[in-house]
Every structure is written in structure tokens, then in C-alpha cells.
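Shown next: run-v2.pdb, containing PDB, C-alpha atoms.
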MODEL        1
ATOM      1  CA  HIS A1180      82.162  82.173  64.858  1.00  0.00           C
ATOM      2  CA  ASP A1181      81.311  83.152  68.438  1.00  0.00           C
ATOM      3  CA  MET A1182      81.707  86.830  67.573  1.00  0.00           C
ATOM      4  CA  MET A1183      79.445  86.478  64.539  1.00  0.00           C
ATOM      5  CA  LEU A1184      76.728  84.865  66.618  1.00  0.00           C
ATOM      6  CA  GLN A1185      77.084  87.460  69.348  1.00  0.00           C
ATOM      7  CA  LEU A1186      76.370  90.242  66.859  1.00  0.00           C
ATOM      8  CA  THR A1187      73.478  88.437  65.204  1.00  0.00           C
ATOM      9  CA  TYR A1188      69.939  89.630  65.830  1.00  0.00           C
ATOM     10  CA  PRO A1189      67.945  88.133  67.439  1.00  0.00           C
ATOM     11  CA  ARG A1190      70.362  86.980  70.088  1.00  0.00           C
ATOM     12  CA  LEU A1191      70.767  83.228  70.122  1.00  0.00           C
ATOM     13  CA  ASP A1192      70.803  81.229  73.332  1.00  0.00           C
ATOM     14  CA  GLU A1193      73.598  78.650  73.106  1.00  0.00           C
ATOM     15  CA  ASN A1194      71.691  76.083  75.177  1.00  0.00           C
ATOM     16  CA  VAL A1195      68.603  76.345  72.989  1.00  0.00           C
ATOM     17  CA  THR A1196      70.565  75.938  69.783  1.00  0.00           C
ATOM     18  CA  THR A1197      72.915  73.148  70.899  1.00  0.00           C
ATOM     19  CA  HIS A1198      70.916  70.932  73.291  1.00  0.00           C
ATOM     20  CA  LEU A1199      68.173  68.677  71.986  1.00  0.00           C
ATOM     21  CA  ASN A1200      65.987  68.941  75.100  1.00  0.00           C
ATOM     22  CA  HIS A1201      65.287  72.651  74.632  1.00  0.00           C
ATOM     23  CA  LEU A1202      62.206  74.069  72.983  1.00  0.00           C
ATOM     24  CA  LEU A1203      63.079  74.836  69.372  1.00  0.00           C
ATOM     25  CA  LYS A1204      60.207  77.134  68.469  1.00  0.00           C
ATOM     26  CA  SER A1205      58.107  74.395  66.926  1.00  0.00           C
ATOM     27  CA  PRO A1206      54.467  75.436  66.911  1.00  0.00           C
ATOM     28  CA  PHE A1207      52.310  73.703  69.490  1.00  0.00           C
ATOM     29  CA  CYS A1208      55.049  71.775  71.291  1.00  0.00           C
ATOM     30  CA  VAL A1209      54.870  71.805  75.089  1.00  0.00           C
ATOM     31  CA  HIS A1210      57.647  73.171  77.272  1.00  0.00           C
ATOM     32  CA  PRO A1211      58.674  70.320  79.602  1.00  0.00           C
ATOM     33  CA  LYS A1212      59.038  72.427  82.754  1.00  0.00           C
ATOM     34  CA  THR A1213      56.289  75.050  82.457  1.00  0.00           C
ATOM     35  CA  GLY A1214      53.696  73.050  80.533  1.00  0.00           C
ATOM     36  CA  ARG A1215      53.106  76.080  78.305  1.00  0.00           C
ATOM     37  CA  VAL A1216      52.335  75.499  74.653  1.00  0.00           C
ATOM     38  CA  CYS A1217      54.596  77.161  72.097  1.00  0.00           C
ATOM     39  CA  THR A1218      52.267  79.329  70.044  1.00  0.00           C
ATOM     40  CA  PRO A1219      52.699  81.107  66.713  1.00  0.00           C
ATOM     41  CA  ILE A1220      52.362  84.886  66.891  1.00  0.00           C
ATOM     42  CA  ALA A1221      51.028  87.130  64.139  1.00  0.00           C
ATOM     43  CA  SER A1222      53.605  89.718  63.113  1.00  0.00           C
ATOM     44  CA  ASP A1223      51.300  92.573  64.066  1.00  0.00           C
ATOM     45  CA  CYS A1224      50.949  91.189  67.621  1.00  0.00           C
ATOM     46  CA  PHE A1225      54.618  90.966  68.646  1.00  0.00           C
ATOM     47  CA  ASP A1226      54.506  94.015  70.894  1.00  0.00           C
ATOM     48  CA  SER A1227      51.411  92.937  72.775  1.00  0.00           C
ATOM     49  CA  PHE A1228      52.270  89.230  73.156  1.00  0.00           C
ATOM     50  CA  ASP A1229      52.595  88.075  76.768  1.00  0.00           C
ATOM     51  CA  PRO A1230      54.320  84.670  76.975  1.00  0.00           C
ATOM     52  CA  PHE A1231      52.840  84.118  80.426  1.00  0.00           C
ATOM     53  CA  GLN A1232      49.385  84.089  78.840  1.00  0.00           C
ATOM     54  CA  ALA A1233      50.270  81.225  76.484  1.00  0.00           C
ATOM     55  CA  PRO A1234      47.970  78.241  77.055  1.00  0.00           C
ATOM     56  CA  MET A1235      49.149  75.545  79.423  1.00  0.00           C
ATOM     57  CA  LEU A1236      48.695  71.837  78.802  1.00  0.00           C
ATOM     58  CA  GLY A1237      46.561  71.306  81.915  1.00  0.00           C
ATOM     59  CA  GLN A1238      44.363  74.242  80.974  1.00  0.00           C
ATOM     60  CA  LEU A1239      43.870  72.820  77.464  1.00  0.00           C
ATOM     61  CA  LEU A1240      42.934  69.409  78.833  1.00  0.00           C
ATOM     62  CA  ARG A1241      40.275  70.981  81.054  1.00  0.00           C
ATOM     63  CA  GLU A1242      38.957  73.036  78.127  1.00  0.00           C
ATOM     64  CA  LEU A1243      38.837  69.994  75.830  1.00  0.00           C
ATOM     65  CA  ASN A1244      36.981  67.963  78.434  1.00  0.00           C
ATOM     66  CA  SER A1245      34.324  70.659  78.746  1.00  0.00           C
ATOM     67  CA  GLY A1246      33.862  71.667  75.099  1.00  0.00           C
ATOM     68  CA  SER A1247      35.033  71.425  71.530  1.00  0.00           C
ATOM     69  CA  PRO A1248      38.587  71.951  70.228  1.00  0.00           C
ATOM     70  CA  ASP A1249      37.426  75.155  68.520  1.00  0.00           C
ATOM     71  CA  SER A1250      36.560  76.717  71.868  1.00  0.00           C
ATOM     72  CA  THR A1251      39.922  76.254  73.615  1.00  0.00           C
ATOM     73  CA  SER A1252      42.428  78.992  74.352  1.00  0.00           C
ATOM     74  CA  LEU A1253      44.576  77.467  71.605  1.00  0.00           C
ATOM     75  CA  ALA A1254      42.023  78.179  68.843  1.00  0.00           C
ATOM     76  CA  GLU A1255      43.294  81.695  68.125  1.00  0.00           C
ATOM     77  CA  TYR A1256      46.837  80.367  67.665  1.00  0.00           C
ATOM     78  CA  VAL A1257      45.664  77.548  65.394  1.00  0.00           C
ATOM     79  CA  ASN A1258      43.928  80.178  63.245  1.00  0.00           C
ATOM     80  CA  THR A1259      47.121  82.273  63.168  1.00  0.00           C
ATOM     81  CA  PHE A1260      49.136  79.255  62.068  1.00  0.00           C
ATOM     82  CA  SER A1261      46.565  78.237  59.443  1.00  0.00           C
ATOM     83  CA  SER A1262      46.594  81.759  57.999  1.00  0.00           C
ATOM     84  CA  PHE A1263      50.378  81.657  57.763  1.00  0.00           C
ATOM     85  CA  VAL A1264      50.353  78.258  56.043  1.00  0.00           C
ATOM     86  CA  ASP A1265      47.709  79.518  53.603  1.00  0.00           C
ATOM     87  CA  THR A1266      50.130  82.249  52.480  1.00  0.00           C
ATOM     88  CA  LEU A1267      52.749  79.589  51.684  1.00  0.00           C
ATOM     89  CA  LEU A1268      50.533  77.380  49.551  1.00  0.00           C
ATOM     90  CA  PRO A1269      50.430  79.617  46.427  1.00  0.00           C
ATOM     91  CA  VAL A1270      54.232  79.918  46.526  1.00  0.00           C
ATOM     92  CA  GLN A1271      54.604  76.149  46.790  1.00  0.00           C
ATOM     93  CA  ASP A1272      52.113  75.589  43.967  1.00  0.00           C
ATOM     94  CA  ALA A1273      54.067  77.995  41.746  1.00  0.00           C
ATOM     95  CA  LYS A1274      57.333  76.170  42.478  1.00  0.00           C
ATOM     96  CA  LEU A1275      55.758  72.795  41.743  1.00  0.00           C
ATOM     97  CA  SER A1276      54.389  74.009  38.413  1.00  0.00           C
ATOM     98  CA  GLN A1277      57.943  74.859  37.299  1.00  0.00           C
ATOM     99  CA  ILE A1278      59.218  71.308  37.789  1.00  0.00           C
ATOM    100  CA  PRO A1279      59.309  69.477  34.482  1.00  0.00           C
ATOM    101  CA  SER A1280      57.033  66.483  34.143  1.00  0.00           C
ATOM    102  CA  LEU A1281      58.631  63.040  34.429  1.00  0.00           C
ATOM    103  CA  GLU A1282      55.937  61.459  32.259  1.00  0.00           C
ATOM    104  CA  PHE A1283      56.956  60.190  28.833  1.00  0.00           C
TER     105      PHE A1283
ENDMDL
END
Output the file's structure in the form of C-alpha cells.
Amino acid sequence: HDMMLQLTYPRLDENVTTHLNHLLKSPFCVHPKTGRVCTPIASDCFDSFDPFQAPMLGQLLRELNSGSPDSTSLAEYVNTFSSFVDTLLPVQDAKLSQIPSLEF
């Protein structure tokens, strides 16, 4: 199995996949050491994404204290995530419509 994982793309970090205290790519969770927020990335922005520009928890707290949630540095990532979820909803609705009714 080690060989299979070694040849898999993208490369998997053993510590991230086996230890519970590692960031598991969940949107909007906070990295415990850096304080950076895990952000979703649009597929057309992969090449230009700079992880060191991801919002930090302290930065977000300052932004929230001085304005609205829509004006924080996280807003763009929330919009990206919302757009992604919106693409899933029609698929989910189609699957649900195929389930037979349990009403008698």
C-alpha cells in the first residue's frame, strides 16, 4: 500500500492523513500554529493562490470589530464556497427526486 500511495497524485502527507490534530482541508477551519484560515480556492485560481495571503484569525477579528462580515478578507472565499455548493444543489435535488416515496 505504501507504494500505491507514493505514486498517487497529489502526494499525500502521512502525518496529515493519519493524525487527528492536522488540518484536514475543511473549509474555514483555523490552523492551530499559524492561525491561518483554510480557504476554498476556485479551480481557475490555483496557479495564482498564495497560501501566505490566506486570512489569519487575528486579522479577521480586527476586521469584524471594525465592520460587517461581508467586508472581511474572508468574504471572497465565502463567495467561492457558496458558488461551489450552489453547483451541487441541482445534483442533490435530482438524486432526491429518484428516491421512491415512502407514503402509502
Original post:
Which residue out of A:Leu1236, A:Leu1268, A:Leu1275, A:Ile1220 has the minimum interatomic distance to A:Glu1255 when all atoms listed in the file are used?
Top reply: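 Of A:Leu1236, A:Leu1268, A:Leu1275, A:Ile1220, the one nearest A:Glu1255 is A:Ile1220, counting all atoms listed in the file.
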Subject >> Atomic distance atom CA of A:Phe1231 - atom CA of A:Thr1266, expressed in Å with one decimal >> reply: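 Between atom CA of A:Phe1231 and atom CA of A:Thr1266 the gap works out to 28.1 Å.
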Original post:
If the PyMOL selection byres ((chain A and resi 1218) around 8) is run on the structure shown, which residues does it catch, given as a PyMOL selection string?
Top reply: chain A and resi 1206-1207+1216-1217+1219-1220+1233+1256
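Coordinates place atom CA of A:Lys1212 at a distance of 16.1 Å from atom CA of A:Leu1239.
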**OP:** Could you jot down the atom CA of A:Leu1243 to atom CA of A:Phe1225 separation for me, Å, one decimal place?
**Re:** 27.2 Å
Subject >> Top pick for closest residue to A:Pro1230, considering A:Ser1250, A:Ser1245, A:Val1209, A:Arg1215 and counting all atoms listed in the file >> reply: A:Arg1215
